[in-house]
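**Q** For reference, the file protein_27.txt (compact mmCIF, C-alpha atoms) is included below:
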```
# COMPACT_ATOMS: atom_id res chain seq x y z
CA MET A 1 25.98 -28.12 7.90
CA LYS A 2 28.30 -28.43 10.93
CA ILE A 3 31.29 -27.66 8.71
CA THR A 4 29.56 -24.51 7.42
CA ALA A 5 28.74 -23.39 10.96
CA PHE A 6 32.35 -23.99 11.98
CA PHE A 7 33.73 -21.78 9.21
CA ILE A 8 31.18 -19.05 9.93
CA SER A 9 32.20 -19.11 13.61
CA LEU A 10 35.87 -19.00 12.61
CA ALA A 11 35.24 -16.05 10.30
CA MET A 12 33.37 -14.18 13.04
CA SER A 13 36.27 -14.70 15.41
CA PHE A 14 38.72 -13.44 12.79
CA LEU A 15 36.67 -10.32 12.01
CA SER A 16 36.32 -9.51 15.70
CA ILE A 17 40.08 -8.86 15.75
CA PHE A 18 39.37 -5.84 13.56
CA GLY A 19 36.50 -4.63 15.74
CA ILE A 20 33.78 -6.12 13.55
CA SER A 21 31.34 -7.75 15.92
CA PHE A 22 28.46 -10.10 15.25
CA LYS A 23 27.37 -10.23 18.90
CA HIS A 24 23.81 -9.33 19.82
CA ASN A 25 23.88 -6.53 22.35
CA GLU A 26 21.01 -4.23 23.26
CA GLN A 27 18.43 -6.14 21.27
CA THR A 28 15.98 -3.81 19.55
CA LYS A 29 12.46 -4.98 18.80
CA ILE A 30 12.23 -5.17 15.04
CA ASP A 31 8.48 -4.57 15.01
CA LEU A 32 8.64 -1.26 16.87
CA TYR A 33 10.65 1.49 15.22
CA TYR A 34 9.36 4.43 17.22
CA SER A 35 8.60 4.03 20.90
CA ASP A 36 6.67 7.30 21.11
CA VAL A 37 4.18 6.94 18.24
CA GLU A 38 0.71 8.13 19.16
CA GLN A 39 -1.68 5.17 19.14
CA ARG A 40 -4.82 6.79 17.80
CA GLN A 41 -8.30 5.75 18.78
CA ALA A 42 -11.69 5.31 17.13
CA THR A 43 -13.87 8.43 16.87
CA ASP A 44 -17.59 9.16 16.66
CA LYS A 45 -17.15 9.16 12.87
CA THR A 46 -15.55 5.72 12.78
CA ASP A 47 -18.29 4.40 15.05
CA GLU A 48 -20.88 5.77 12.60
CA ILE A 49 -19.08 4.16 9.65
CA LYS A 50 -18.90 0.84 11.49
CA GLU A 51 -22.65 0.92 11.97
CA LEU A 52 -23.23 1.72 8.29
CA LEU A 53 -20.87 -1.03 7.12
CA SER A 54 -22.42 -3.70 9.36
CA SER A 55 -25.24 -4.16 6.84
CA VAL A 56 -22.90 -3.85 3.83
CA MET A 57 -20.86 -6.82 5.06
CA GLN A 58 -24.00 -8.96 5.20
CA ARG A 59 -25.10 -8.34 1.61
CA THR A 60 -24.02 -10.34 -1.43
CA PRO A 61 -24.65 -8.06 -4.42
CA ASN A 62 -26.34 -9.10 -7.62
CA ILE A 63 -23.89 -9.67 -10.48
CA THR A 64 -24.45 -9.16 -14.21
CA GLU A 65 -21.90 -10.33 -16.77
CA CYS A 66 -20.98 -7.66 -19.32
CA THR A 67 -20.02 -9.69 -22.41
CA GLU A 68 -19.49 -6.65 -24.64
CA LYS A 69 -16.62 -5.58 -22.36
CA LYS A 70 -14.96 -9.00 -22.09
CA PRO A 71 -11.25 -8.19 -21.67
CA PHE A 72 -9.50 -11.10 -23.42
CA ALA A 73 -11.20 -12.78 -26.34
CA ASP A 74 -9.21 -16.02 -25.94
CA ASP A 75 -9.28 -16.25 -22.13
CA ASN A 76 -12.61 -17.37 -20.71
CA ARG A 77 -11.25 -17.40 -17.17
CA ILE A 78 -11.71 -13.63 -16.83
CA LYS A 79 -15.00 -11.75 -17.21
CA ALA A 80 -16.27 -8.20 -17.04
CA ILE A 81 -19.16 -7.70 -14.62
CA PHE A 82 -21.38 -5.14 -12.99
CA PHE A 83 -22.42 -5.60 -9.39
CA ASP A 84 -24.92 -3.72 -7.25
CA GLY A 85 -23.08 -1.22 -5.10
CA GLU A 86 -24.53 0.88 -2.33
CA GLU A 87 -27.54 3.03 -3.07
CA TYR A 88 -26.57 6.35 -4.60
CA MET A 89 -28.93 9.08 -5.76
CA GLY A 90 -31.93 6.88 -5.01
CA LYS A 91 -30.76 3.67 -6.73
CA ALA A 92 -28.12 0.98 -6.38
CA ALA A 93 -24.88 2.00 -8.06
CA LYS A 94 -23.72 -0.29 -10.89
CA VAL A 95 -20.07 -0.92 -10.09
CA PHE A 96 -17.82 -2.24 -12.86
CA ALA A 97 -15.21 -4.92 -12.17
CA TYR A 98 -13.14 -7.70 -13.70
CA ILE A 99 -13.29 -11.12 -12.04
CA GLY A 100 -11.36 -14.30 -12.79
CA PHE A 101 -11.00 -17.91 -11.65
CA PRO A 102 -8.30 -20.50 -12.40
CA GLU A 103 -9.54 -23.36 -14.57
CA ASN A 104 -9.03 -25.81 -11.71
CA ALA A 105 -11.22 -23.83 -9.28
CA THR A 106 -14.24 -25.96 -8.38
CA GLU A 107 -16.56 -26.47 -5.45
CA SER A 108 -14.65 -29.63 -4.56
CA SER A 109 -11.29 -27.94 -5.09
CA PRO A 110 -11.62 -24.29 -4.04
CA VAL A 111 -8.79 -21.77 -4.44
CA PRO A 112 -7.58 -18.69 -2.49
CA ALA A 113 -8.56 -15.26 -3.76
CA MET A 114 -7.55 -11.60 -3.86
CA VAL A 115 -9.40 -8.28 -3.84
CA LEU A 116 -7.46 -5.77 -5.95
CA VAL A 117 -7.90 -2.03 -5.32
CA HIS A 118 -6.53 0.43 -7.88
CA GLY A 119 -5.07 3.87 -7.26
CA GLY A 120 -5.71 7.49 -8.14
CA ALA A 121 -5.09 7.59 -11.88
CA GLY A 122 -6.35 4.04 -12.33
CA HIS A 123 -9.38 1.87 -12.93
CA ALA A 124 -10.24 -1.82 -12.82
CA TYR A 125 -7.38 -3.82 -14.39
CA ALA A 126 -8.04 -7.07 -16.27
CA GLU A 127 -4.32 -7.87 -16.57
CA TRP A 128 -3.96 -7.55 -12.79
CA VAL A 129 -6.69 -10.15 -12.38
CA LYS A 130 -4.98 -12.35 -15.00
CA TYR A 131 -1.69 -12.19 -13.08
CA TRP A 132 -3.30 -13.62 -9.95
CA VAL A 133 -5.34 -16.19 -11.90
CA ASP A 134 -2.15 -17.34 -13.63
CA ASN A 135 -0.70 -17.88 -10.16
CA GLY A 136 -3.59 -20.00 -8.89
CA TYR A 137 -5.83 -17.35 -7.28
CA ALA A 138 -9.31 -16.11 -8.02
CA ALA A 139 -9.30 -12.31 -8.13
CA ILE A 140 -11.56 -9.32 -8.54
CA SER A 141 -10.42 -5.84 -9.59
CA ILE A 142 -13.09 -3.24 -8.90
CA ASP A 143 -13.44 0.22 -10.36
CA GLY A 144 -13.83 2.40 -7.30
CA PHE A 145 -14.07 5.69 -9.19
CA GLY A 146 -17.41 5.15 -10.93
CA GLN A 147 -15.82 4.50 -14.32
CA ILE A 148 -16.46 2.19 -17.24
CA PRO A 149 -14.25 1.10 -20.19
CA ALA A 150 -15.12 1.66 -23.82
CA ASP A 151 -16.56 -1.32 -25.67
CA GLY A 152 -14.24 -3.42 -27.76
CA GLU A 153 -10.90 -5.13 -27.30
CA TYR A 154 -9.27 -4.45 -23.93
CA THR A 155 -5.78 -2.94 -24.09
CA SER A 156 -3.65 -0.67 -21.94
CA GLU A 157 -4.91 2.19 -24.14
CA THR A 158 -8.59 1.46 -23.51
CA VAL A 159 -10.48 4.70 -22.87
CA TRP A 160 -12.33 4.93 -19.55
CA SER A 161 -15.19 7.32 -18.95
CA VAL A 162 -17.68 8.17 -16.19
CA ASN A 163 -20.26 5.45 -15.65
CA PRO A 164 -23.61 7.28 -15.38
CA ASP A 165 -25.13 4.36 -13.48
CA SER A 166 -22.41 4.20 -10.81
CA HIS A 167 -21.58 6.37 -7.83
CA MET A 168 -19.54 9.55 -7.55
CA THR A 169 -15.91 9.56 -8.67
CA ILE A 170 -12.71 10.41 -6.79
CA ASP A 171 -12.74 13.75 -5.02
CA GLU A 172 -9.64 13.37 -2.80
CA LEU A 173 -11.74 13.82 0.37
CA SER A 174 -13.06 17.25 -0.65
CA THR A 175 -16.53 16.07 0.50
CA CYS A 176 -15.30 15.17 4.01
CA ASP A 177 -17.47 17.87 5.64
CA LYS A 178 -20.66 16.27 4.29
CA PRO A 179 -22.62 13.36 5.78
CA ILE A 180 -20.83 10.01 5.40
CA LYS A 181 -23.14 8.74 2.65
CA ASP A 182 -22.46 11.86 0.59
CA GLN A 183 -18.72 11.24 0.53
CA TRP A 184 -16.93 9.48 -2.34
CA PHE A 185 -14.55 7.58 -0.06
CA TYR A 186 -17.48 5.84 1.62
CA TYR A 187 -18.49 4.33 -1.73
CA TYR A 188 -14.88 3.45 -2.51
CA ILE A 189 -14.58 1.29 0.62
CA THR A 190 -18.07 -0.21 0.27
CA ASP A 191 -17.08 -1.35 -3.24
CA VAL A 192 -14.10 -3.14 -1.67
CA ILE A 193 -16.20 -4.83 1.03
CA LEU A 194 -18.84 -5.90 -1.50
CA ALA A 195 -16.10 -7.37 -3.70
CA ASN A 196 -15.03 -9.43 -0.68
CA ASN A 197 -18.65 -10.53 -0.27
CA ILE A 198 -18.80 -11.64 -3.92
CA LEU A 199 -15.74 -13.82 -3.50
CA ARG A 200 -16.93 -15.26 -0.20
CA ALA A 201 -20.27 -16.28 -1.71
CA ASP A 202 -18.61 -18.32 -4.49
CA SER A 203 -18.18 -22.02 -3.67
CA ARG A 204 -15.02 -22.17 -5.81
CA ILE A 205 -13.18 -19.98 -3.30
CA LYS A 206 -11.69 -20.77 0.09
CA THR A 207 -13.46 -18.15 2.17
CA ASP A 208 -10.76 -18.24 4.85
CA ASN A 209 -8.03 -17.54 2.29
CA ILE A 210 -9.02 -14.20 0.80
CA GLY A 211 -6.43 -11.43 0.83
CA ILE A 212 -6.45 -7.81 -0.28
CA THR A 213 -3.90 -5.52 -1.89
CA GLY A 214 -4.26 -1.90 -2.95
CA ILE A 215 -2.05 0.67 -4.63
CA SER A 216 -1.67 4.36 -3.65
CA TRP A 217 -5.26 5.56 -3.08
CA GLY A 218 -6.04 1.84 -3.12
CA GLY A 219 -3.42 1.44 -0.42
CA ILE A 220 -5.24 4.04 1.70
CA ALA A 221 -8.56 2.28 1.04
CA THR A 222 -7.02 -1.08 1.99
CA SER A 223 -5.59 0.45 5.18
CA VAL A 224 -9.03 1.77 6.13
CA VAL A 225 -11.06 -1.29 5.09
CA ILE A 226 -9.04 -3.73 7.21
CA GLY A 227 -9.96 -1.65 10.24
CA TYR A 228 -13.62 -2.54 9.60
CA ASP A 229 -13.57 -5.85 7.72
CA SER A 230 -11.60 -8.43 9.69
CA ARG A 231 -12.56 -11.29 7.37
CA PHE A 232 -9.49 -10.90 5.16
CA LYS A 233 -6.73 -13.40 5.81
CA PHE A 234 -4.01 -10.79 5.13
CA ALA A 235 -3.51 -7.38 3.58
CA ILE A 236 -0.82 -5.75 1.44
CA PRO A 237 -1.14 -1.95 1.13
CA VAL A 238 1.37 -0.64 -1.40
CA TYR A 239 2.51 3.01 -0.97
CA GLY A 240 -0.59 3.80 1.10
CA CYS A 241 -0.26 4.16 4.88
CA GLY A 242 -1.54 6.11 7.86
CA TYR A 243 -0.30 9.19 9.74
CA LEU A 244 -0.78 11.11 6.50
CA ASP A 245 -1.31 14.34 8.43
CA GLU A 246 2.26 14.00 9.73
CA CYS A 247 4.05 12.78 6.59
CA SER A 248 6.92 14.68 5.04
CA SER A 249 5.74 14.39 1.43
CA MET A 250 3.07 16.17 -0.59
CA LEU A 251 0.13 14.24 0.89
CA ASN A 252 0.63 15.90 4.28
CA SER A 253 -2.30 18.20 3.54
CA LEU A 254 -4.74 15.35 2.84
CA MET A 255 -5.73 14.81 6.47
CA LYS A 256 -5.25 18.36 7.74
CA ASN A 257 -9.00 18.85 7.69
CA GLU A 258 -10.18 17.60 11.09
CA ASN A 259 -13.25 15.92 9.59
CA ALA A 260 -11.09 14.03 7.11
CA LYS A 261 -8.63 13.03 9.84
CA ASN A 262 -11.35 11.91 12.27
CA THR A 263 -13.22 10.01 9.57
CA TRP A 264 -10.78 8.39 7.14
CA GLU A 265 -7.27 8.51 8.63
CA PRO A 266 -6.12 4.82 8.55
CA SER A 267 -4.27 5.05 11.88
CA LEU A 268 -7.56 5.43 13.80
CA LEU A 269 -8.29 1.69 13.66
CA LEU A 270 -5.01 -0.02 12.83
CA GLY A 271 -4.26 -0.82 16.46
CA ASN A 272 -7.10 -3.36 16.38
CA VAL A 273 -6.10 -5.07 13.12
CA LYS A 274 -5.01 -8.63 13.89
CA MET A 275 -4.43 -10.04 10.39
CA PRO A 276 -0.88 -10.13 8.95
CA VAL A 277 -0.18 -6.90 7.05
CA LEU A 278 2.72 -6.26 4.68
CA TRP A 279 3.30 -2.54 4.10
CA ILE A 280 5.40 -1.77 1.00
CA ASP A 281 6.73 1.74 0.45
CA GLY A 282 9.49 3.46 -1.50
CA ASP A 283 12.11 5.53 0.30
CA ASN A 284 11.70 8.23 -2.36
CA ASP A 285 7.92 8.11 -2.73
CA PRO A 286 6.54 11.59 -3.54
CA PHE A 287 3.17 10.91 -1.89
CA PHE A 288 3.68 8.54 1.07
CA SER A 289 6.86 9.24 3.00
CA VAL A 290 8.72 6.54 4.90
CA ASP A 291 8.43 8.35 8.23
CA SER A 292 4.65 7.89 8.16
CA ALA A 293 4.99 4.37 6.75
CA THR A 294 7.27 3.47 9.66
CA LYS A 295 4.85 4.90 12.22
CA THR A 296 1.99 3.02 10.58
CA ALA A 297 3.79 -0.32 10.75
CA SER A 298 4.78 0.29 14.36
CA VAL A 299 1.16 0.53 15.56
CA THR A 300 -0.18 -2.37 13.46
CA PRO A 301 0.07 -5.46 15.71
CA ASN A 302 1.00 -8.07 13.08
CA ALA A 303 2.82 -5.92 10.55
CA THR A 304 5.86 -6.20 8.34
CA LEU A 305 7.29 -3.13 6.61
CA THR A 306 9.39 -3.37 3.46
CA ILE A 307 11.02 -0.15 2.27
CA LEU A 308 12.29 -0.34 -1.31
CA HIS A 309 15.05 1.96 -2.51
CA LYS A 310 13.96 4.19 -5.41
CA PHE A 311 10.71 2.28 -5.81
CA ALA A 312 8.75 3.98 -8.61
CA HIS A 313 5.17 4.99 -7.86
CA GLY A 314 2.89 3.36 -10.40
CA GLN A 315 0.31 0.68 -11.17
CA ASN A 316 2.75 -1.86 -12.61
CA GLU A 317 5.36 -1.37 -9.92
CA GLY A 318 2.75 -1.49 -7.17
CA ALA A 319 0.92 -4.50 -8.59
CA TYR A 320 3.79 -6.80 -9.48
CA ALA A 321 6.52 -6.28 -6.88
CA PRO A 322 7.57 -9.91 -6.20
CA GLU A 323 7.25 -9.50 -2.43
CA ILE A 324 3.45 -9.25 -2.84
CA LEU A 325 2.81 -12.67 -4.38
CA ARG A 326 5.41 -14.30 -2.13
CA PHE A 327 3.72 -12.90 0.98
CA ALA A 328 0.32 -14.11 -0.24
CA ASN A 329 1.69 -17.56 -1.06
CA GLU A 330 3.28 -17.87 2.36
CA GLN A 331 0.07 -16.86 4.13
CA ASN A 332 -1.82 -19.48 2.14
CA GLY A 333 0.82 -22.20 2.44
CA LEU A 334 1.49 -22.18 -1.29
CA GLY A 335 5.19 -21.38 -1.51
CA ASN A 336 8.22 -19.53 -0.24
CA GLY A 337 7.76 -16.20 1.48
CA ASN A 338 10.08 -13.23 1.81
CA ILE A 339 13.31 -12.57 3.67
CA LYS A 340 12.61 -11.88 7.34
CA ILE A 341 14.68 -9.68 9.64
CA ASN A 342 14.40 -11.11 13.14
CA GLY A 343 17.08 -9.37 15.14
CA LEU A 344 18.81 -5.99 15.33
CA SER A 345 21.35 -4.81 17.89
CA PHE A 346 24.14 -2.27 18.09
CA ASP A 347 27.75 -2.68 19.17
CA ASN A 348 30.85 -0.51 18.69
CA GLY A 349 29.30 1.76 16.06
CA ARG A 350 27.92 -1.15 14.09
CA ALA A 351 24.51 -2.68 13.60
CA VAL A 352 24.26 -6.45 13.88
CA ILE A 353 21.35 -7.91 11.92
CA SER A 354 20.04 -11.45 11.91
CA PHE A 355 17.62 -12.67 9.29
CA ASP A 356 16.03 -15.74 7.75
CA THR A 357 16.03 -16.34 4.01
CA PRO A 358 13.65 -18.52 1.97
CA ASP A 359 15.06 -21.65 0.36
CA ASP A 360 15.16 -20.14 -3.12
CA ALA A 361 16.98 -16.90 -2.18
CA ARG A 362 20.62 -16.27 -3.04
CA ASN A 363 23.10 -13.40 -3.50
CA ILE A 364 22.22 -11.94 -0.12
CA LYS A 365 23.40 -8.41 0.60
CA VAL A 366 22.78 -6.25 3.65
CA LYS A 367 22.84 -2.47 3.38
CA VAL A 368 22.31 0.59 5.49
CA TYR A 369 20.55 3.42 3.67
CA TYR A 370 21.06 6.85 5.16
CA ARG A 371 20.66 10.55 4.57
CA THR A 372 22.53 13.47 6.08
CA SER A 373 19.56 15.85 6.01
CA PRO A 374 15.93 15.55 7.13
CA LEU A 375 13.35 13.93 4.89
CA GLU A 376 12.44 16.98 2.82
CA TYR A 377 10.90 17.30 -0.62
CA ASP A 378 11.16 19.83 -3.42
CA GLY A 379 7.80 19.20 -5.02
CA ILE A 380 7.76 15.49 -5.86
CA HIS A 381 11.51 15.00 -5.51
CA LEU A 382 13.65 14.49 -2.43
CA LYS A 383 16.01 17.37 -1.73
CA GLU A 384 18.73 14.83 -0.95
CA GLU A 385 18.96 11.27 -2.29
CA TRP A 386 19.50 8.34 0.04
CA LYS A 387 23.07 7.04 0.26
CA SER A 388 24.01 3.47 1.11
CA SER A 389 26.86 1.27 2.24
CA ASN A 390 27.20 -2.50 2.38
CA GLY A 391 27.58 -4.70 5.41
CA ILE A 392 29.51 -7.92 5.87
CA VAL A 393 27.30 -11.01 5.57
CA LEU A 394 28.11 -14.31 7.25
CA GLY A 395 25.38 -16.92 7.01
CA ASN A 396 22.17 -15.43 8.35
CA MET A 397 23.86 -12.55 10.13
CA ALA A 398 25.45 -9.32 9.01
CA SER A 399 27.49 -6.53 10.53
CA VAL A 400 26.97 -3.05 9.12
CA LYS A 401 29.09 -0.04 10.02
CA LEU A 402 26.92 2.94 10.91
CA PRO A 403 27.62 6.12 8.94
CA SER A 404 29.45 8.78 10.92
CA GLU A 405 26.89 11.43 9.99
CA TYR A 406 23.21 10.90 9.30
CA GLU A 407 19.76 12.25 10.09
CA MET A 408 17.86 9.10 9.18
CA ILE A 409 18.72 5.47 8.42
CA TYR A 410 17.13 2.12 7.68
CA PHE A 411 18.56 -1.34 7.11
CA SER A 412 17.78 -3.61 4.16
CA VAL A 413 18.43 -7.29 3.42
CA GLU A 414 18.34 -7.94 -0.32
CA GLY A 415 18.54 -11.10 -2.40
CA THR A 416 17.50 -12.64 -5.70
CA THR A 417 15.35 -15.59 -6.72
CA GLY A 418 14.77 -17.44 -9.98
CA SER A 419 17.20 -18.48 -12.68
CA VAL A 420 20.34 -16.65 -13.69
CA PHE A 421 18.64 -15.36 -16.84
CA ASN A 422 15.25 -14.69 -15.26
CA CYS A 423 15.83 -13.51 -11.71
CA GLU A 424 13.99 -11.04 -9.54
CA SER A 425 15.00 -9.16 -6.44
CA ILE A 426 13.33 -9.56 -3.06
CA HIS A 427 13.84 -7.34 -0.04
CA ALA A 428 13.23 -7.01 3.67
CA SER A 429 13.88 -3.92 5.74
CA THR A 430 13.55 -2.27 9.07
CA GLY A 431 11.67 0.94 9.41
CA ILE A 432 13.57 4.21 9.62
CA TYR A 433 15.49 5.51 12.62
CA THR A 434 16.17 9.19 13.13
CA PHE A 435 19.11 11.11 14.52
CA SER A 436 17.42 11.42 17.92
CA GLN A 437 18.03 7.69 18.42
CA LYS A 438 21.74 7.94 17.56
CA ALA A 439 22.98 7.95 21.16
CA GLU A 440 21.42 4.53 21.71
CA PHE A 441 23.35 3.14 18.74
CA TYR A 442 26.75 4.21 20.04
CA CYS A 443 26.29 3.49 23.73
CA ASN A 444 28.83 0.61 23.70
CA MET A 445 31.64 2.54 22.03
```
Could you spell out this file's structure in structure tokens?
**A**
Amino acid sequence: MKITAFFISLAMSFLSIFGISFKHNEQTKIDLYYSDVEQRQATDKTDEIKELLSSVMQRTPNITECTEKKPFADDNRIKAIFFDGEEYMGKAAKVFAYIGFPENATESSPVPAMVLVHGGAGHAYAEWVKYWVDNGYAAISIDGFGQIPADGEYTSETVWSVNPDSHMTIDELSTCDKPIKDQWFYYYITDVILANNILRADSRIKTDNIGITGISWGGIATSVVIGYDSRFKFAIPVYGCGYLDECSSMLNSLMKNENAKNTWEPSLLLGNVKMPVLWIDGDNDPFFSVDSATKTASVTPNATLTILHKFAHGQNEGAYAPEILRFANEQNGLGNGNIKINGLSFDNGRAVISFDTPDDARNIKVKVYYRTSPLEYDGIHLKEEWKSSNGIVLGNMASVKLPSEYEMIYFSVEGTTGSVFNCESIHASTGIYTFSQKAEFYCNM
């Protein structure tokens, strides 16, 4: 180890001759990307929702197994169920879900668990539950849109239809001017909280080790729920974020209605969220832009933001990004976590980044991603793609030359894990910086 440190020190000294510095000057807090982000506050609407949800969090719903919709004939670990949701149209809604437990989950040997929240074109996913069960977790995947699958063998082509015994389906906040209990999103988040209650009431589950992850609309729901339900150990919203009324992409109209913004905007309560939160977003996402994702992470006290380059927006991508399971495992003490950026400074037109890597990571690269125009979209596509350039990596530090022209940049540390023939990429990143912060970067030139 001392020999390695010696050669790294020697290499740093050699590179400094050519103006490539690894010194830490003007340390920048890695968990605060914008110093002027508005920290939003609770409203009368959020106070009303808190009061309504106080009773929801105390209720363990009745569960009925639905054997005719069993997803996998040869896997008895995973079941289809209905549970009693909140009262809707004079009766308790029958919410459909898949739930699964590892074979070794017992009262004497309880396991951690996950609540899984699907997105806008989705439904409850049995294979999503199976993924977590295969990795040692209990899991429940709810259908938050009042849907039900056709009877018969479960496949990716299974037809889903409206469940007449459930609550209203997705309306993209078009009911936001109505009373809270007449709004679809209220039922969406109560389904999530009741799913947490189901897991917490099961003696096979470690009640202090329940996490939540949601995709797209599920990411928004996750971002809102953690503002009310502090019982989760950690949260991983994928794509979804706050500051949607300010985002550059096509969802910027979602919270333009003042009632929607004052009722369901995630940023209203994130300042009080104490649990670890991993936000995962794509730099090209057509719905949730990285400017809003960066602002969201900056106001969440215990947050990590990972921006992925050209990260496709979809159920599979959002469910199985390797950073998700690794974050959950680390929070539960079950395995290696992700790469962590722990220092960023600027010197002579370069960024100096320090980071920690998990024991199983290799092939580490550090990049700066940048664009020479503002973050603008033409429909669902960026008007200009992100460009990138590589830095020089020495041990757990890297020096990256800043581009001469840019409007927006972020830094990424990337590596691989697994075998040569079965590897996967893992990433860590900063949030984005804009041109207005450029002077600070070059102040030592």
**Q** Tell me which of A:Ala121, A:Val159, A:Leu394, A:Ala97 sits closest to A:Ile142, counting all atoms listed in the file.
**A**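 Selected residue with least distance to A:Ile142: A:Ala97.
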**Q** By how many Å are atom CA of A:Val56 and atom CA of A:Phe96 apart?
**A**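 One can read the atom CA of A:Val56 to atom CA of A:Phe96 distance as 17.5 Å.
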**Q** One decimal, in Å: what's the spacing between atom CA of A:Trp132 and atom CA of A:Ala297?
**A**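 If I compute the distance from atom CA of A:Trp132 to atom CA of A:Ala297, I get 25.6 Å.
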**Q** Rounded to one decimal, what separation in Å do you get between atom CA of A:Gly240 and atom CA of A:Lys181?
**A** 23.1 Å
**Q** Find the residues near A:Ile226: any atom within 9 Å, counting all atoms listed in the file, skip ones fewer than 2 places away on the same chain, and give them as a ChimeraX atom specification.
**A** /A:212,221-224,228-232,234-235,269-270,273,275
**Q** Between A:Ile140, A:Leu268, A:Ala124, A:Leu53, which has the minimum distance to A:Gln39 (counting all atoms listed in the file)?
**A**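 For A:Gln39, the nearest of the given residues is A:Leu268.
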**Q** Have a look at A:Ile180, A:Ile324, A:Ile210, A:Met89 and name the one nearest to A:Met114; count all atoms listed in the file.
**A**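 Checking each of A:Ile180, A:Ile324, A:Ile210, A:Met89 against A:Met114, counting all atoms listed in the file, the winner is A:Ile210.
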**Q** I need the residue nearest A:His123 from this list: A:Tyr377, A:Gln315, A:Gly219, A:Val37. Use only C-alpha atoms for the distance.
**A**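 Of A:Tyr377, A:Gln315, A:Gly219, A:Val37, the one nearest A:His123, counting only C-alpha atoms, is A:Gln315.
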**Q** Name all residues at most 7 Å from A:Thr43 (count all atoms listed in the file; drop same-chain ones fewer than 3 positions away) and give them as a list of chain:residue names.
**A**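 After dropping sequence-adjacent residues, the list is A:Thr46, A:Asp47, A:Asn262.
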**Q** Could you save the residues just selected, with C-alpha atoms, as a compact mmCIF listing (two decimals), keeping the file's coordinate frame?
**A**
```
# COMPACT_ATOMS: atom_id res chain seq x y z
CA THR A 46 -15.55 5.72 12.78
CA ASP A 47 -18.29 4.40 15.05
CA ASN A 262 -11.35 11.91 12.27
```
**Q** For A:Ile307, please output as a CSV table (one decimal) with C-alpha atoms, in the coordinates of the input all residues within 8 Å (counting only C-alpha atoms; exclusion window: fewer than 2 positions along the same chain).
**A**
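And here's result-v8.csv as it stands now:
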```
chain,number,residue,atom,x,y,z
A,280,ILE,CA,5.4,-1.8,1.0
A,281,ASP,CA,6.7,1.7,0.4
A,282,GLY,CA,9.5,3.5,-1.5
A,283,ASP,CA,12.1,5.5,0.3
A,290,VAL,CA,8.7,6.5,4.9
A,305,LEU,CA,7.3,-3.1,6.6
A,309,HIS,CA,15.0,2.0,-2.5
A,412,SER,CA,17.8,-3.6,4.2
A,428,ALA,CA,13.2,-7.0,3.7
A,429,SER,CA,13.9,-3.9,5.7
A,430,THR,CA,13.6,-2.3,9.1
A,431,GLY,CA,11.7,0.9,9.4
```
**Q** So that I can see what lies close to A:Lys256, please list as a list in words the residues with an atom at most 9 Å from it, counting all atoms listed in the file and leaving out residues fewer than 6 positions away in the same chain.
**A** Leu244, Asp245 and Glu246 of chain A
**Q** Write to file, as a PDB file, in the coordinates of the input, the residues of the selection just made, with C-alpha atoms.
**A**
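That gives us again-v5.pdb:
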```
ATOM      1  CA  LEU A 244      -0.780  11.110   6.500  1.00  0.00           C
ATOM      2  CA  ASP A 245      -1.310  14.340   8.430  1.00  0.00           C
ATOM      3  CA  GLU A 246       2.260  14.000   9.730  1.00  0.00           C
TER       4      GLU A 246
END
```
**Q** Can you list, as a PyMOL selection string, every protein, DNA or RNA residue that comes within 7 Å of A:Thr64 when you count only C-alpha atoms, leaving out same-chain residues fewer than 6 positions away?
**A** chain A and resi 81-83
**Q** For each of A:Asp177, A:Glu107, A:Asp182, A:Asp151, take the minimum atom-to-atom distance to A:Thr207, counting all atoms listed in the file, then give the residue where this is smallest.
**A** A:Glu107
**Q** Given all atoms listed in the file as the basis, pick out the residue of A:Leu344, A:Ala138, A:Val400, A:Val95 nearest to A:Asp165.
**A**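 Under the stated criterion, the closest residue is A:Val95.
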**Q** Give the centre and edge lengths of an axis-aligned box, in Å to one decimal, that holds all listed atoms of stretch 396-400 of chain A with 8 Å on each side, as AutoDock Vina command-line options.
**A**
```
--center_x 24.8 --center_y -9.2 --center_z 9.4 --size_x 21.3 --size_y 28.4 --size_z 18.2
```
**Q** Give as a ChimeraX atom specification the set of residues within 12 Å of the point (15.4, -9.3, -1.1), where distances use the file's coordinates and all atoms listed in the file.
**A** /A:306-309,321-323,326,337-341,355-358,360-367,411-417,423-429
**Q** Around the point (-1.5, -7.7, 0.2), in the coordinates given by the file, pick out the residues reaching within 9 Å, counting all atoms listed in the file, and return them as a short mmCIF file (atom, residue, chain, number, x, y, z; two decimals) with C-alpha atoms, in the frame of the given file.
**A**
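Final output, result-v9.cif:
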```cif
data_model
loop_
_atom_site.label_atom_id
_atom_site.label_comp_id
_atom_site.auth_asym_id
_atom_site.auth_seq_id
_atom_site.Cartn_x
_atom_site.Cartn_y
_atom_site.Cartn_z
CA MET A 114 -7.55 -11.60 -3.86
CA VAL A 115 -9.40 -8.28 -3.84
CA LEU A 116 -7.46 -5.77 -5.95
CA GLY A 211 -6.43 -11.43 0.83
CA ILE A 212 -6.45 -7.81 -0.28
CA THR A 213 -3.90 -5.52 -1.89
CA GLY A 214 -4.26 -1.90 -2.95
CA THR A 222 -7.02 -1.08 1.99
CA PHE A 234 -4.01 -10.79 5.13
CA ALA A 235 -3.51 -7.38 3.58
CA ILE A 236 -0.82 -5.75 1.44
CA PRO A 237 -1.14 -1.95 1.13
CA VAL A 238 1.37 -0.64 -1.40
CA VAL A 277 -0.18 -6.90 7.05
CA LEU A 278 2.72 -6.26 4.68
CA TRP A 279 3.30 -2.54 4.10
CA ILE A 324 3.45 -9.25 -2.84
CA LEU A 325 2.81 -12.67 -4.38
CA PHE A 327 3.72 -12.90 0.98
CA ALA A 328 0.32 -14.11 -0.24
#
```
